[in-house]
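**Student:** My structure is below; once you've seen it, I'll send some questions.
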Amino acid sequence: MTLWSFWSCFLLACIQLYPFHLKLGARAEITFPRLANRFYPLEVTSPKARVIRKSAEIQVSLKVSDRNEVFNRSETEGTAAARSTYEQGVKNETLIRNDTAVNYFNLKIPNKKCDNISIGVTEASKRTFSIREKRKRSVGVSYNENLDRSITGEAQSSVESVQGASNFRSEYRRTGEESRGSNARQSEPHLDTSTFALSGDSAHNQAMVHWSGQNSSVILILTKLYDFNLGAVTESSLWRSTDYGSTYTKLNDKVGSRTVLSYLYVCPTNKQKILMLSDPEVESAVLISSDEGASFAKYPINFNVLSLLFHPAQENWILAYSHDYKLYSSMNFGKEWQLVHENVMPGRFYWAVMGLDRESDVVHIETRIAKGRAQYVKCRAQRCTEGNRQYLFPGHVDTNSLVVQDEYVFTQVTKSGRASYFVSYMRESFRQMKLPKYCLPKDMHIISTDEKQVFAAVQEWNQNNTYSLYISDSPGVYFILSLENLRTSRGPAGNLLVDFYKVEGINGMYLANKIVDNLIKTFITYNKGQTWALLPAPTTDVSGNNLHCILPFCSLHLHLEMSENPYTSGPITSKKSVPGIIVATGNIGTELSSTNLGMFITSDAGNSWRQIFDEEYNIWFLDNGGALLAVLHATTPIRQIWISLDEGKKWDRHSFSLVPLYVDGVLMEPESDNHIITFFGHFSHRSEWQLIKIDYKGLFSRRCMDGDYQTWYLHNKGELCVMGEKQIYMKRRPGNRCMLAQDYSRIYSSEPCLCTAYDFECDYGWERQADGKCSPAFWFNPNGVAKSCSSSQSFLNSTGYRKVLSNNCKERGRNVYSPKRVACHPRAPQGLHLSTSHGELSATIGSNVTFMIHLDNGESPSTSIQLDFGDGIKITYSNLSRTENGIKHIYRTTGIYRVMASAENSLGSDSSTLFLHITSPVDRVYLSVPIVAVREKAANLTAVVWPSHTRTLTFFWWFENSSEPIITLEGSISHMFLREGKNKVTVQVASGGTVLEDSKVITVKEFFRSLLLSFSPALDEHNPDIPEWREDIGRVVRTALSQQVSGVSENQLMVSLYPGLPTTAELFILPDEQMSSEHKKRSEEALDTILDIYVTALNKGLVQFELKANIRIVVYMTQQTLAPLVDSNAIHSGSAMLMLISVVFVGIAAFFIYKFKRKIPWIHVETEDRHEKDPEVISTVGQNDAMSKVKLSEFPSQKELMEKELEGRSRGGFGRSMERIVTREFPNCTNV
C-alpha cells in the first residue's frame, strides 16, 4: 500500500512538473454583435501542430448569442518572457484573419450580440504562454457580420484522460476590512464536477463547440485535423452530449464515415436546427439536422460557402456568400439555393429589419460596378432580377460603405477628395449627415445606433491619432460634439478600435478613455455624453490599506478593450440583468497603465469602486448575474476558481479538478437555470481534449424569496435624477446563498423628475461656453434656419438646447431650454438654391436629370416655383412643397444649358441659376477674383484647375445675365465692369468629359479705401484654410469693425481673407450708396475720416472678436496703403507734382521687379488704357493713372500655375497651395 501511494504521488508530480506546456493563442474580434443572425463556427485548436501557416491562410469567424455566450480563458503568468513567447507564437503560428473583412471607407456598425462564437485557439508544444493581448472594442467592419466561417490553427494532442465525478470542498476569503474582521460561519458550498476525454481524436488540432442553449442539455463538438501543407481538413469527428457535457457520443457513423466536416452553424431562432458543411476539397454538401444533431440529411451544393446570414425571424431563410463574390438564398434551410446577385461586396448584404422593411424577404446589397464605385441595391431574396431591383440612393456610393443597422442605413460618397456621409432614417430618403461646419471629417465610424440615436467617432481635419465622439438627433442628421480626443488605435486588419464602452443595464451610462495632455484618462457619463467626469479611486486597496488618491490629480483608470479571445471575459464586464455592477481591469494614478494592474468593481454604477484582486482575472457573471466567477490570468495550469455571492466583497475558492488543467476556454449558457459551466483544455500537451463539467448549483441552498432582496437608488454623486428620472433597483441581499429567478424584476420603481439644464445638450450650431450656457458658434446664424409654414401656423424655434434622447424628465410650465413656439410671419422668398440630385453639373444624353430646389426662407405653401430647363421647356408649380422629391427632365441634345429656378409670392421673388453640361461630368475649379473692382477699369480674373490636366482645357466665362459665355483656352481673362454694384462671375472649365465650375461676386465702385489686416496668432491654430472658413471669418471681422464707427453701415465694409498662413486680410471701405455722385469729393473725404478712425482703433487693439469660448482674436493693421497718387483738382501744387514724379520712379522700379519676378494671379490688376494693343493693368486696389503698368503677357502661363499648384499640394493640399501662390508679396495697396 505504501509503495502504491509512493508511485501515485510520483506520477502526479511528473504530470504537474512536465516541462512541455501548452502554447495557447487566439485572435478574434466581435463585430455587429446584436444582430442575432450571422453564424460562424466555434473553433478551439489543440496543442501539437508543427506546421506553420501564414495569416493569409487562416480564417476566423465568430458569433455571440444573447442566450449562449461562450468564453475562452488561458491562465498565464505576467512575466515578460511569457509575453514575448506569446507574441512570437501569435505572429508565427496562430495568425488568424477574416477573408471577408475588407476595410471600407469609414462607416462601421456597432457591436451587437449574435448567436454563435467561432474562434481558433492554437496550442504548440514545448512553449507556455497565454492569451494576454487584448483588443479594443471594435467599431470597424474588418470583421463584420459576415465573418469567415473558418478558424484554423496548429496543434496536435495526445491524451491522458480522467473521468468520473467528485465533490470538492471549498475555501473562502474576504477582501479589505472584511478579511480582517469577519468571523461569520456559513455552510460550506460545493461544486459537482465530472471530466470526459474525447478519446481517439488526439491528432485533431481544431475543435468547434456549440451549446444549443435555451435550457437544452445538448452540446455538439466538431474536432478536425487540418493539414497546413494541403490547406484542407483531412479528418473530422462529431461528438454529441445530451446530459450537459457529462458524457459524449461519437456521431461519425450518422453523418457518414467518409464524410469530412469543416464547419458547424446553428439557427438563431430555432437552435434545434443544425447546418454543417463538408470540406469542399472532398465534396461540396450541407448536412442538415432538425433535432439538435440526433440525425442528419445530406444535400449537395454547387458553390463554396464563405459565410452565412440567417434571417432574424424566419428560421428557414438563409443567405450564403461564396468565394466568387456571389450571394445565394435558401428558403428551406439550405436544401435548395438560388442566386441573388453577383459582384456583391464582402459583408455588405443584410436581411430586412422587421417592422421597417415592407417585405420580410427583402435583402439590402452593395454591388461593385467599378473600381471604388458601388451601388446600393434593394430587392427580394428570390426575385432579384434587374426589373425587380430598387436603387434607393441617387447615384453611386463608395465601395464597402453600405451599413444597414436598426432604423438606419448609412453610406458614403467621395468627391474631389472630400467625403460626404449620408443616412436614411426609418427607410426614408437619404439626407447628408451634418457635423459642425468646420469639423471637416477625414474619417468617420459608427459606434452605436442604440435607442434611435447615432454615436460616431469622427477624425477631424486637425486630428491625427485621436477621434472625437459625436452624437446625433433621432434621424441621425445633426451631430454635436460630446467628447474630444478619444483614445483609438487600429486593429490588425486596419479597422478602428475605440476606447468606448456602454454600461449594460443603465440607460445613458458610458465609459471612455480620453487623451488629456498626452495622458490617457477614463471618464464616465450618466447623461449620454452631455457631461463627463473622472472616475473616483477606491479609498483602500485589496488589503485594506488606505489610498490617498484625490481628484482630479489622481483617479481610477480602466481598460475598455474587448478580449481577443471571446472565451475570456475581457478586461471589462457588465450585464443587463445586474444593473450597477461593473468589473474591470485597471490601475490607480494619473493615467491608464499596462502595468501594476488590478481588478476593480463598483456596485453603485460607478459612484464608488473597490479593489478585489491585485492581479488580472477573467470574471463572469453566474446565476443570472447574482454570482461572480473569477479565473486567474496565468500561464500555469490551474485547478481552482473563485466565486463570490456578495458583489465581490467575499470570495470562495473551489477546486474543480484533481489534475491541474491548461484551460483553453470556458463555455456556459447565460440566462438559464441549469447552473452548468464547462471548462475545456488539456492536462498536458500530449493529452486529448478534456471537458470538465461544473455544476455550481450546490453553492445555493434554495431559491430567493421576496425577503432576500433589497433596494438601491441609482444616483450620480448623490443626484437621484439620472436621465430625467429617479430609479430604484432590486438586488439580492449580500450573504444570502439563494438562487436568483431568471425573470425577477430588476427595476423596483421609476419616477420622472422635472427637467433641468442637466437634461439638455447644446443644439446643432450651438456651443457650450465656460459658464455652462449654450451660445451660437461663430459660423452659425440662429435666425437663418429654414422654416416652412403658412401665416396662420407657428413653428418651434430652438433656444440653443435640445433634450438628451431617452431622457424621461417631465417639463412643467415655462422651460427656458425647450424650443419656443413662434408664429410664422409672411416673408418674401430668400435663399433659393437649385442643384441636381447627384450634385453634378453634367449628364449624359437621354438620362433622367433630377433638379432639387431648396428655399432657405419664405412661405412654402404660398410661394410658386418656376423652372426653366434652358431647352425651351418651362414648368411651374403652385407651391414649393410639390418639388420636395425633385423635378425630373430629359435632355435630348448635347450642349450647355442655362437652367433657372425662380420663387415668387406676393412679397417678393428670388432666383437661382445653374449651367448644365449634358455630355460632361463635374470636377473642380478655383476662381480667383478681386472682391472689389473699379468701374470701367479691366480686372484680371484667373481660374486655377485642380488637379492639373495635361489635355487642353476650355474655359467658359459667364458674367451676370449674359446669354452666351466668353470662351477662352487660357485660364486668365481681363474684363471691364460697366455697372456699379455686385457682379457675379462664373467660370466653367471643360476637359473631355470633365467640367469644373466656380463662382465669385465682385463689388464694383468708383473709388474706395483699403487696409491690410493681421490677427492674433491663435487664429492660425484654427484656420483650416478653406474658402468657407475665410468667408465666415471675414463676416465676423466686418461686424467687429462696423461696431467701432457709429453711422458706418456694414454694407460699406468688405473684408477679404487671403489663403495661406499666417492669416491676413484686406479691409475695403466703400462709399455710402446714399450719397449722390455729384459729391464725389465729399465722399472721398468721408472715407478718409473713416479710414483714420479705423487706423487708430486697429493700432490700439480695439477691434476684437470671440472665436470660441475663452479664445478672443485681436485684429491689427498690417500696413496702411499709400495716399492717392493723383489729385482730383485741376491745379496741382508743387509738392503734389514732386510726389507724382517720385511715384513714377517707384513705378518704374516696380516694373523691373515684376519683369524678373513673375506676378502671381491673385494680385489682381486693372487696365488703364483699353485701346492699347496689349492691355495694361494696375493694382486692383488702386485706380490712378500714375501707377506703374504691367502687361498681361507678363502673367505666368497656365503651366507655371499648375507647377505652383502641385508644389503647394505636396505641402498640404489645395488650400495650402494657394498660400504659396498668393504669398506675402502683396504690394502696397493704393487709396483711390
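By order of appearance in the C-alpha cells: chains A, B, ..., then residues from 1 within every chain, and ligands from 1 in the order shown.
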So that I can check the surroundings of Ala757 of chain A, please list as a list in words every protein, DNA and RNA residue that reaches within 10 Å of it, counting only C-alpha atoms and ignoring chain neighbours fewer than 6 positions away.
**Tutor:** Gly772, Lys773, Tyr801, Lys803, Asn815, Val816 and Tyr817 of chain A
**Student:** When you draw a straight line from atom CA of Pro280 of chain A to atom CA of Phe303 of chain A, how long is it in Å?
**Tutor:**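 Pair atom CA of Pro280 of chain A / atom CA of Phe303 of chain A returns 8.7 Å.
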**Student:** Let me make sure I understand: among A:Arg610, A:His715, A:His559, A:Arg733, which one has the smallest atom-to-atom distance to Asn546 of chain A if we use only C-alpha atoms?
**Tutor:**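 Answer, going by the shortest atom-to-atom distance: A:Arg610.
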**Student:** Taking 3 positions as the minimum chain separation for residues in the same chain, which residues sit within 12 Å of Ala512 of chain A when counting only C-alpha atoms? Answer as a VMD selection string.
**Tutor:** chain A and resid 136 to 137 457 467 to 469 482 to 488 498 to 503 509 515 520 to 526 528 to 529 532 to 535 557 to 561 592
**Student:** Neighbours of Gly505 of chain A within 7 Å (only C-alpha atoms; same-chain residues fewer than 6 positions away dropped), as a list of chain:residue names?
**Tutor:**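 Near Gly505 of chain A, the qualifying residues are A:Lys575, A:Lys576, A:Ser577, A:Val578, A:Pro579.
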**Student:** Using the chain letters and numbers from this document, which residues of segment 830-1005 of chain A does DSSP assign to strand (DSSP E), as an NGL selection string?
**Tutor:** :A and (830-836 or 848-857 or 864-868 or 874-877 or 887-890 or 896-905 or 908-917 or 925-928 or 932-934 or 938-945 or 954-959 or 966-968 or 972-976 or 981-991 or 994-1005)
**Student:** List the spatial neighbours of Thr585 of chain A as a ChimeraX atom specification - criterion: any atom at most 12 Å away, only C-alpha atoms, same-chain residues fewer than 3 positions off excluded.
**Tutor:** /A:134,556-563,569-573,582,588,592-602,609-619,633
**Student:** Run DSSP on the backbone and give me the residues of segment 942-1122 of chain A it puts in alpha helix (DSSP H), as a ChimeraX atom specification.
**Tutor:** /A:1018-1021,1027-1042,1080-1099
**Student:** Let me see the file: selected residues, N, CA and C atoms, as a short mmCIF file (atom, residue, chain, number, x, y, z; two decimals), in the first residue's frame.
**Tutor:**
```
data_model
loop_
_atom_site.label_atom_id
_atom_site.label_comp_id
_atom_site.auth_asym_id
_atom_site.auth_seq_id
_atom_site.Cartn_x
_atom_site.Cartn_y
_atom_site.Cartn_z
N ALA A 1018 -3.44 83.04 -32.43
CA ALA A 1018 -4.37 81.95 -32.09
C ALA A 1018 -5.30 81.61 -33.24
N LEU A 1019 -5.54 82.59 -34.13
CA LEU A 1019 -6.44 82.32 -35.25
C LEU A 1019 -5.83 81.31 -36.22
N ASP A 1020 -4.50 81.32 -36.34
CA ASP A 1020 -3.85 80.38 -37.26
C ASP A 1020 -4.05 78.94 -36.81
N GLU A 1021 -4.15 78.71 -35.50
CA GLU A 1021 -4.33 77.35 -35.00
C GLU A 1021 -5.70 76.78 -35.36
N PRO A 1027 -12.17 78.05 -48.37
CA PRO A 1027 -12.89 79.29 -48.68
C PRO A 1027 -14.05 79.57 -47.74
N GLU A 1028 -14.80 78.54 -47.33
CA GLU A 1028 -15.96 78.79 -46.47
C GLU A 1028 -15.54 79.41 -45.14
N TRP A 1029 -14.43 78.90 -44.60
CA TRP A 1029 -13.95 79.45 -43.32
C TRP A 1029 -13.53 80.91 -43.48
N ARG A 1030 -12.85 81.22 -44.55
CA ARG A 1030 -12.41 82.60 -44.77
C ARG A 1030 -13.59 83.54 -44.94
N GLU A 1031 -14.65 83.07 -45.58
CA GLU A 1031 -15.83 83.91 -45.74
C GLU A 1031 -16.50 84.19 -44.39
N ASP A 1032 -16.60 83.16 -43.56
CA ASP A 1032 -17.25 83.35 -42.26
C ASP A 1032 -16.42 84.26 -41.35
N ILE A 1033 -15.11 84.08 -41.33
CA ILE A 1033 -14.26 84.94 -40.51
C ILE A 1033 -14.32 86.38 -41.03
N GLY A 1034 -14.35 86.54 -42.36
CA GLY A 1034 -14.48 87.89 -42.91
C GLY A 1034 -15.76 88.56 -42.47
N ARG A 1035 -16.84 87.79 -42.41
CA ARG A 1035 -18.11 88.36 -41.97
C ARG A 1035 -18.03 88.78 -40.50
N VAL A 1036 -17.38 87.94 -39.67
CA VAL A 1036 -17.25 88.28 -38.25
C VAL A 1036 -16.38 89.51 -38.06
N VAL A 1037 -15.28 89.60 -38.81
CA VAL A 1037 -14.40 90.77 -38.70
C VAL A 1037 -15.14 92.03 -39.16
N ARG A 1038 -15.92 91.92 -40.22
CA ARG A 1038 -16.66 93.09 -40.70
C ARG A 1038 -17.63 93.58 -39.63
N THR A 1039 -18.29 92.64 -38.94
CA THR A 1039 -19.20 93.04 -37.87
C THR A 1039 -18.45 93.74 -36.74
N ALA A 1040 -17.29 93.21 -36.38
CA ALA A 1040 -16.50 93.83 -35.31
C ALA A 1040 -16.03 95.22 -35.70
N LEU A 1041 -15.67 95.42 -36.96
CA LEU A 1041 -15.21 96.74 -37.42
C LEU A 1041 -16.34 97.74 -37.46
N SER A 1042 -17.53 97.29 -37.88
CA SER A 1042 -18.65 98.22 -38.00
C SER A 1042 -19.08 98.76 -36.65
N LYS A 1080 -18.66 113.65 -55.03
CA LYS A 1080 -17.59 112.66 -55.00
C LYS A 1080 -16.49 113.06 -54.04
N LYS A 1081 -16.10 114.37 -54.10
CA LYS A 1081 -15.00 114.82 -53.25
C LYS A 1081 -15.37 114.68 -51.78
N ARG A 1082 -16.60 115.04 -51.44
CA ARG A 1082 -17.04 114.92 -50.06
C ARG A 1082 -17.08 113.46 -49.63
N SER A 1083 -17.44 112.59 -50.55
CA SER A 1083 -17.46 111.15 -50.23
C SER A 1083 -16.06 110.65 -49.95
N GLU A 1084 -15.11 111.10 -50.75
CA GLU A 1084 -13.73 110.67 -50.52
C GLU A 1084 -13.22 111.18 -49.18
N GLU A 1085 -13.57 112.40 -48.82
CA GLU A 1085 -13.16 112.92 -47.53
C GLU A 1085 -13.78 112.11 -46.38
N ALA A 1086 -15.03 111.73 -46.58
CA ALA A 1086 -15.67 110.90 -45.55
C ALA A 1086 -14.98 109.55 -45.40
N LEU A 1087 -14.56 108.98 -46.53
CA LEU A 1087 -13.84 107.71 -46.46
C LEU A 1087 -12.50 107.88 -45.75
N ASP A 1088 -11.81 109.02 -46.01
CA ASP A 1088 -10.53 109.27 -45.33
C ASP A 1088 -10.73 109.37 -43.82
N THR A 1089 -11.83 110.03 -43.41
CA THR A 1089 -12.11 110.16 -41.98
C THR A 1089 -12.35 108.77 -41.35
N ILE A 1090 -13.15 107.96 -42.04
CA ILE A 1090 -13.42 106.60 -41.53
C ILE A 1090 -12.13 105.79 -41.47
N LEU A 1091 -11.29 105.97 -42.49
CA LEU A 1091 -10.03 105.24 -42.54
C LEU A 1091 -9.15 105.59 -41.35
N ASP A 1092 -9.08 106.90 -41.03
CA ASP A 1092 -8.25 107.33 -39.90
C ASP A 1092 -8.77 106.74 -38.59
N ILE A 1093 -10.07 106.70 -38.45
CA ILE A 1093 -10.63 106.13 -37.22
C ILE A 1093 -10.27 104.65 -37.09
N TYR A 1094 -10.36 103.93 -38.20
CA TYR A 1094 -10.03 102.51 -38.15
C TYR A 1094 -8.55 102.29 -37.89
N VAL A 1095 -7.70 103.15 -38.45
CA VAL A 1095 -6.27 103.02 -38.21
C VAL A 1095 -5.98 103.16 -36.71
N THR A 1096 -6.61 104.15 -36.11
CA THR A 1096 -6.41 104.37 -34.67
C THR A 1096 -6.92 103.17 -33.86
N ALA A 1097 -8.11 102.72 -34.20
CA ALA A 1097 -8.68 101.59 -33.45
C ALA A 1097 -7.86 100.32 -33.60
N LEU A 1098 -7.38 100.09 -34.81
CA LEU A 1098 -6.58 98.88 -35.04
C LEU A 1098 -5.23 98.96 -34.34
N ASN A 1099 -4.63 100.14 -34.35
CA ASN A 1099 -3.34 100.29 -33.68
C ASN A 1099 -3.47 100.12 -32.18
#
```
**Student:** Measure the distance from atom CA of Ile1069 of chain A to atom CA of Met1054 of chain A in Å and round it to one decimal.
**Tutor:**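 Atom CA of Ile1069 of chain A sits 6.7 Å away from atom CA of Met1054 of chain A.
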**Student:** Measuring atom to atom with only C-alpha atoms, identify which of A:Ser360, A:Ser278, A:Asn961, A:Gln1104 is nearest to Leu261 of chain A.
**Tutor:**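 Closest to Leu261 of chain A, using only C-alpha atoms: A:Ser278.
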**Student:** Calculate how many Å separate atom CA of Ala285 of chain A from atom CA of Tyr299 of chain A, rounding to one decimal.
**Tutor:**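 According to the coordinates, atom CA of Ala285 of chain A and atom CA of Tyr299 of chain A are separated by 5.5 Å.
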**Student:** Identify which of the residues A:Lys254, A:Phe956, A:Glu688, A:Tyr926 lies closest to Gln206 of chain A, counting only C-alpha atoms when measuring atom-to-atom distances.
**Tutor:**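 Nearest candidate to Gln206 of chain A out of A:Lys254, A:Phe956, A:Glu688, A:Tyr926: A:Glu688.
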**Student:** Find the spatial neighbours of Asn797 of chain A, counting only C-alpha atoms, within a cut-off of 8 Å - ignore same-chain residues fewer than 4 positions away - and output them as number ranges by chain.
**Tutor:** A: 819-822
**Student:** What lies within 7 Å of His682 of chain A using only C-alpha atoms, ignoring chain neighbours under 3 positions off, as a list in words?
**Tutor:**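 The filter keeps Leu661, Tyr662, Val663, His685, Ser687, Glu688, Trp689 and Gln690 of chain A.
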**Student:** List every residue of segment 579-652 of chain A that has an atom at most 12 Å from any atom of segment 718-722 of chain A, and for each one report the closest atom pair and its distance in Å to one decimal, counting only C-alpha atoms, with rows sorted by chain and then by increasing residue number, as a tab-separated table.
**Tutor:**
```
residue	atom	partner	partner_atom	distance
A:Asp604	CA	A:Gly718	CA	11.0
A:Ala605	CA	A:Val722	CA	11.2
A:Gly606	CA	A:Gly718	CA	11.9
A:Asn607	CA	A:Gly718	CA	8.7
A:Ser608	CA	A:Gly718	CA	11.3
```
**Student:** Under the rule that only C-alpha atoms are counted, which of A:Leu754, A:Val344, A:Val413, A:Ile853 is the nearest residue to Gly813 of chain A?
**Tutor:**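 Comparing A:Leu754, A:Val344, A:Val413, A:Ile853 against Gly813 of chain A, the winner is A:Leu754.
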